[in-house]
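J.: Here it is, the structure in full.
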Amino acid sequence: MSIDAQDHDDAETLDDQDEESKNRVQAWAADWIRNPQKAYTVMGVFLGGVLLTTTLFPLYWLFAVAMAPPGQTNIPLIPTRIDLYAFVDIFQQVPFARFMFNSLFYATTVTVVVILVASLAGYAFGRLDFRGKLPLLFSLLVLSWFPPATLFLPLFRAFNQQVKMLGLFTLPTEIYGTPGAVIAPLSAFTMPLAVFILMTFYAQIPDGLEDAARVEGSSRIGALFRVIMPLSAPGVATAGILTFITVYTEFFFSFLMTGDKASEWAPIVNGVLAFQSRYTVRYDLQAAASLVAIVPVAILVVLAQDKIVSGLTQGALKE
Amino acid sequence: MARVKLDDVSKSYEDVVAVKNMNLDLQDGEFITLVGPSGCGKSTTLETVAGLTKPTSGTIHIGDREVTNLPPKDRGIAMVFQNIALFPHMDVYDNISFGLRLRDFPKEEIDERVENAADIVELGGMLDRMPDELSGGQRQRVAIARSIVRNPDVFLMDEPLANLDAKLRVNMRTELQRLHKQLETTIIYVTHNQAEAMTMSDRIAVINGGELQQIAPPLTCYNEPANRFVAGFIGSPSMNFVPATVGDGELQANGYSLSYDTAAVEELTSREEVEIGVRPEDIYLVQNESEADKPSAPVEVVTDVLEPMGDEIFVYLKPIGSGEEDGMGSVEEREGLLMSVDPATDITEDQTVEIVFDRARIHLFDRGTGDAITHGVIEGAKMDTGSSEGEAQADD
Amino acid sequence: MAVEEAQSANRGGIVSRLATWTENLSEQTYALLLLAPGFLILLLFAFWPLASSFRMSFFKDVVVGPESLGGFVGFENYVKLLTDSNPFATLTFLDPAMETGIFQQALILTLLFAIISVAGETILGFAYAMLMKAEYRGQRFVRVLIIIPWAIPIVIQGMIFFLLFRPGYGLLTGPLHQLGIFPQLPLGDAFSGFVIVTVADVWKTSAFMALLILAGMESVNQDLYDVADVMGASTWQRFRYITFPLVFPALMVAMLFRTMGALRVYGIIESTGVGCSTVPSMTCLVTQFTFGSTTLYGSAAAVSVLIAITVGVFISIYLLFIRYSNQSLGLA
């Protein structure tokens, strides 16, 4: 630092400026060759800066667009004024709050269903010995390979066109457009990963703790919820967060299995697209709606960032 | 408080028999220890009593109730585990009160009982600590408090001291005994450590290979072991075994011959091969002959390795001229005896000494089945003249 | 003791009675009972639709009339898909003459997308992971910033890139047009649409890749780095001989996950406004056949089966590669 400051003072003498800068470059080069660690740090900081800018720029742009006055099409890179009116407007033009609620409802319900059901299955796979364990596990693995498109058409027909499920029974009319039409397939779709994560975590709990709970007066099922799940909290959190985010960000079923209206349980997919199709030049509303819709998951990421990383480290990659 | 009765309990997994026809009948308030080497089936036996494992066949009674198929929570038992098994996400209070809370006891009664239990194990003032803030001994106390707080009919303890360091283990041993005196509850205690078994129990059940070998008070197991396994397992260091063949009123063993009272031991006449067992502490140097109840005739041996233990010295003995082929059996069969002597004894390695056996404490086992034939019947021991001549020749 | 029994008997609710009932089940029965709810959901909403899709793919498309499926036609749908040219999409940058079968076009486009985006995500993901792993003040904050794009709904990811490239006034539309790289309406052009979709995908999912790679890095035994330091390894050597080989399995898993995701690409195409008619991925064909002006259920089912086969082939390649490289790297 002090050397830098000295160089700066000297540079004021015009005659020596060229010479000085050459010397400075040489000094840096010499310093870096002697201390490659320093060079790596500088390069790292520079690269990191570039990477972060790339990540954040699109989000910043969203913000800049949201600031633009209604109807303005040529939006400058730096907003001329701070105008938050669009953030209010989105809730008045369309029932955006309801769209948000629907999405959060889907994500929460699927997460609760999946964690409950996958906990039972993960317990069985992780802690019990039974015939048929490997084939059943393998069927889960294979299932997670299939794209949603493969599952979609028969479900669409069963939900929307009264085609018999399993060739046995018909679902009640117009299940399409109710929450079930999204929750059911997304639960099935996100379950295999949750089972795998929970299985690895539950398997690591020492047998003694479960035995102790049972001797103390708990049933086997009770021990799962009172002892094994609380002790696997990082795993349960990881599986839960992954499921929640998958469902909240999901496009395919959310878009195709619902109607367009918020009152028909349409999620934010439709809410955001509603702005795009109905208010074609209100870019400020489109951007503001997008930003608002990011808030819940952004909070989740901020709160649970280290849980996600540690959960993945401890469990998910050990299979 | 209750009797515990196991009738013909067996447990087999796919290809392994863990427990075979176990019959135990425990008196109310008895402290009984299941002891045996690891993998012998003692823990499985305990788990069948706990209900953590269902027996393949047989019945279990606690008190007057048959509990064979009841879940653990309905058996009126409490259990302390080897790895202590405190719930790491609960503080001491919650750990101790876990069972009471599951049974919906009123809050005041829970508080009172928890305080009581904590006092008994001297844990007062630590109720709000988390398990990871406690020392090993404190954790063990919490586990014990958790088990006594419900006033169970039977305590089950599965190697509760195995994970503690040596000093703590001895302390906790006395505490458990004190606790048993205070509570007078039936305790089934599992350990592979015969010293724990000897010091704490009213009776010891020695188990090997899933089968009950002997159930008897500790001293009976020590003095009159039912078979070769019990004899070798109980007592430290282990009993010496010497194979012998039965002659006319004499046992031929390893270059010695031992006479016995034919009238007293009729069983011997029907056998050819037996095994003689003698504990290290029942072998004496000739100068200490008076310490033995019934000293035998002196035998000459050579000392091998000495192991001074502080309070005693272990002396490995070998027969004179051992390690050389002499036609009297392989070198292996002639392996030496172990003797323990007073630390003040003046003894060195490779010294020829004379020893006597305590005839009252010599055991004979069937070499085929391992069953004990008799305890303390040998009349006298002497050098086998024939073989010592042979040895003398070999020495030349 | 009598007290205890009385107390527990008082709780004879349906739940506790159910729990008591499960106590006496054998381990086998108990395990199957626990698996039942999960597998019931999977049976209804995953296994059955899969089987049903497979079956539907052998039935004739019916364009007119109340019934949407005709009679059994064997592999006719598959043959049509692999030979007929494309009536819906104009893949001008791939096949101006439109002589290739419709499925091949979608397949090539999807494969191109998968390879380019996964390659980009792997490189970026590794860089992000290093950035998240390094220790400095504000590291937690940087981690959050890096992860956030992964948690953004696909429709909003699309919206962002729509706003960047929208007709005429998108921030990047003008400059890129003036440079002669993009046409005036980049979202409606097959080539620039493809680029936009790929960039959007890399932007969002690099974070996921980074998370998995980071998890791999964190599970590397840190003592190894101390050993390397003692042996005088340079930063590059530490990366080359410790980080990379030990993170490699995690990297493979991450790439496998992402390849599977990329082969299913659909949402980002719709939500950027590029649209399935401009950049028809394989999944696009399914929705076009299902919701298009003519409903072609048999063909749609056949496409979904072909997608599953493609994904299966890729998974096999990865698994073979992982096994092979584990052997050659000497990793267990």
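Naming works like this for the structure tokens: A, B, ... for the chains as they're shown, residue 1 at the start of each chain, ligands 1 onward in shown order.
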Based on only C-alpha atoms, which of the residues in chain A come within 7 Å of chain C? I want them as a ChimeraX atom specification.
T.: /A:48,55,58,62,73-74,117-118,120-121,124,128,130-131,145-147,149-151,153-155,166,184-185,188,219-221,245,248-252,269,290,294,297-298,301-302,305,309,312-313,317
J.: Find the residues near B:Leu86: any atom within 9 Å, counting only C-alpha atoms, skip ones fewer than 4 places away on the same chain, and give them as a PyMOL selection string.
T.: (chain A and resi 208-209+212) or (chain B and resi 90+92+95+131+139-140+142-143)
J.: Take the residues just selected and output them with C-alpha atoms as a PDB file, in the first residue's frame.
T.:
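Result file is result-v1.pdb:
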```pdb
ATOM      1  CA  GLY A 208     -29.783 -47.357  19.762  1.00  0.00           C
ATOM      2  CA  LEU A 209     -31.706 -44.093  19.609  1.00  0.00           C
ATOM      3  CA  ALA A 212     -34.378 -46.166  23.315  1.00  0.00           C
TER       4      ALA A 212
ATOM      5  CA  MET B  90     -33.387 -32.820  23.693  1.00  0.00           C
ATOM      6  CA  VAL B  92     -31.511 -33.477  30.055  1.00  0.00           C
ATOM      7  CA  ASN B  95     -34.545 -36.839  27.839  1.00  0.00           C
ATOM      8  CA  PRO B 131     -26.269 -34.067  25.970  1.00  0.00           C
ATOM      9  CA  ARG B 139     -24.465 -38.828  30.077  1.00  0.00           C
ATOM     10  CA  GLN B 140     -24.552 -42.315  31.520  1.00  0.00           C
ATOM     11  CA  VAL B 142     -28.896 -39.227  32.452  1.00  0.00           C
ATOM     12  CA  ALA B 143     -29.519 -42.513  30.682  1.00  0.00           C
TER      13      ALA B 143
END
```
J.: For A:Asp83, list every protein, DNA or RNA residue within 8 Å, evaluated using only C-alpha atoms, and leave out those in the same chain fewer than 5 positions away; present the list as a ChimeraX atom specification.
T.: /A:67-69
J.: Could you write out the selected residues, including N, CA, C and O atoms, as a PDB file, in the first residue's frame?
T.:
```pdb
ATOM      1  N   MET A  67     -38.865   0.231 -12.869  1.00  0.00           N
ATOM      2  CA  MET A  67     -38.820   1.646 -12.515  1.00  0.00           C
ATOM      3  C   MET A  67     -39.367   2.542 -13.626  1.00  0.00           C
ATOM      4  O   MET A  67     -39.737   3.689 -13.389  1.00  0.00           O
ATOM      5  N   ALA A  68     -39.375   1.993 -14.844  1.00  0.00           N
ATOM      6  CA  ALA A  68     -39.751   2.829 -15.979  1.00  0.00           C
ATOM      7  C   ALA A  68     -41.216   3.246 -15.874  1.00  0.00           C
ATOM      8  O   ALA A  68     -42.042   2.491 -15.357  1.00  0.00           O
ATOM      9  N   PRO A  69     -41.543   4.440 -16.345  1.00  0.00           N
ATOM     10  CA  PRO A  69     -42.933   4.874 -16.303  1.00  0.00           C
ATOM     11  C   PRO A  69     -43.797   4.025 -17.233  1.00  0.00           C
ATOM     12  O   PRO A  69     -43.287   3.453 -18.202  1.00  0.00           O
TER      13      PRO A  69
END
```
J.: Extract, using only C-alpha atoms, all DNA, RNA and protein residues at most 7 Å from C:Gly188, discarding same-chain residues fewer than 5 positions from it, and format them as a JSON list (two decimals) with N, CA, C and O atoms, in the first residue's frame.
T.:
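Saved the output as result-v4.json:
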```
[["chain", "number", "residue", "atom", "x", "y", "z"],
["C", 193, "GLY", "N", -33.13, -17.11, -31.56],
["C", 193, "GLY", "CA", -34.00, -17.66, -30.52],
["C", 193, "GLY", "C", -33.29, -18.78, -29.78],
["C", 193, "GLY", "O", -33.32, -18.86, -28.56],
["C", 274, "VAL", "N", -39.94, -16.94, -27.29],
["C", 274, "VAL", "CA", -39.36, -17.51, -28.51],
["C", 274, "VAL", "C", -40.37, -18.44, -29.15],
["C", 274, "VAL", "O", -40.65, -18.37, -30.35],
["C", 278, "THR", "N", -40.72, -21.58, -33.19],
["C", 278, "THR", "CA", -39.42, -21.10, -33.62],
["C", 278, "THR", "C", -38.31, -22.08, -33.24],
["C", 278, "THR", "O", -37.45, -22.41, -34.06]]
```
J.: Kindly provide the residues of chain B that approach chain A to within 8 Å, each paired with its closest atom pair and their distance in Å to one decimal, based on only C-alpha atoms, listed by chain and increasing number, as a tab-separated table.
T.:
```
residue	atom	partner	partner_atom	distance
B:Ala50	CA	A:Val215	CA	7.1
B:Leu52	CA	A:Asp211	CA	6.8
B:Pro71	CA	A:Ser219	CA	7.7
B:Pro72	CA	A:Val215	CA	5.0
B:Lys73	CA	A:Gly217	CA	4.0
B:Asp74	CA	A:Gly217	CA	7.2
B:Ile77	CA	A:Val215	CA	7.0
B:Ala78	CA	A:Val215	CA	6.1
B:Met79	CA	A:Val215	CA	6.6
B:Val80	CA	A:Ala212	CA	7.8
B:Phe81	CA	A:Gly208	CA	6.8
B:Asn83	CA	A:Gly208	CA	6.9
B:Ile84	CA	A:Gly208	CA	7.8
B:Ala85	CA	A:Leu209	CA	4.9
B:Leu86	CA	A:Leu209	CA	6.9
B:Phe87	CA	A:Leu209	CA	6.6
B:Pro88	CA	A:Leu231	CA	7.6
B:His89	CA	A:Leu231	CA	6.7
B:Phe98	CA	A:Glu216	CA	7.0
B:Gly99	CA	A:Glu216	CA	4.7
B:Leu102	CA	A:Gly217	CA	6.4
B:Arg103	CA	A:Gly217	CA	7.4
B:Ser147	CA	A:Glu216	CA	7.8
```
J.: For atom CA of B:Glu184 and atom CA of B:Lys107, determine how far apart the two atoms are, in Å to one decimal place.
T.: 26.8 Å
J.: Taking only C-alpha atoms into account, which residues of chain B are within 9 Å of chain C, as a PDB file with C-alpha atoms, in the first residue's frame?
T.:
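After the write, selection-v2.pdb holds the following:
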```pdb
ATOM      1  CA  ASN B  69     -45.577 -60.370  21.372  1.00  0.00           C
ATOM      2  CA  LEU B  70     -46.061 -57.070  23.160  1.00  0.00           C
ATOM      3  CA  PRO B  71     -44.260 -53.989  21.813  1.00  0.00           C
ATOM      4  CA  ASP B  74     -46.163 -52.026  26.901  1.00  0.00           C
ATOM      5  CA  GLY B  76     -43.032 -52.134  31.856  1.00  0.00           C
ATOM      6  CA  LEU B 100     -43.558 -39.833  31.001  1.00  0.00           C
ATOM      7  CA  LEU B 102     -45.452 -39.985  25.955  1.00  0.00           C
ATOM      8  CA  ARG B 103     -47.783 -41.406  28.583  1.00  0.00           C
ATOM      9  CA  ASP B 104     -49.452 -38.043  29.239  1.00  0.00           C
ATOM     10  CA  PHE B 105     -48.496 -37.726  32.872  1.00  0.00           C
ATOM     11  CA  ARG B 150     -40.816 -44.509  35.147  1.00  0.00           C
ATOM     12  CA  ASN B 151     -40.469 -47.029  38.031  1.00  0.00           C
ATOM     13  CA  PRO B 152     -40.196 -49.920  35.606  1.00  0.00           C
ATOM     14  CA  ASP B 153     -40.729 -53.532  36.622  1.00  0.00           C
TER      15      ASP B 153
END
```
J.: Report as a PyMOL selection string all protein, DNA and RNA residues lying within 8 Å of B:Ile188, evaluated on only C-alpha atoms, omitting residues in the same chain fewer than 4 positions from it.
T.: chain B and resi 31-34+46+154-157
J.: Can you write out the residues you just picked, keeping C-alpha atoms, as a PDB file, in the first residue's frame?
T.:
```pdb
ATOM      1  CA  PHE B  31     -29.584 -58.643  39.671  1.00  0.00           C
ATOM      2  CA  ILE B  32     -28.657 -61.058  36.957  1.00  0.00           C
ATOM      3  CA  THR B  33     -25.858 -60.702  34.460  1.00  0.00           C
ATOM      4  CA  LEU B  34     -25.755 -62.250  31.018  1.00  0.00           C
ATOM      5  CA  LEU B  46     -31.881 -59.045  26.170  1.00  0.00           C
ATOM      6  CA  VAL B 154     -37.447 -54.582  35.067  1.00  0.00           C
ATOM      7  CA  PHE B 155     -34.244 -52.768  34.165  1.00  0.00           C
ATOM      8  CA  LEU B 156     -32.399 -53.948  31.109  1.00  0.00           C
ATOM      9  CA  MET B 157     -28.803 -52.826  30.729  1.00  0.00           C
TER      10      MET B 157
END
```
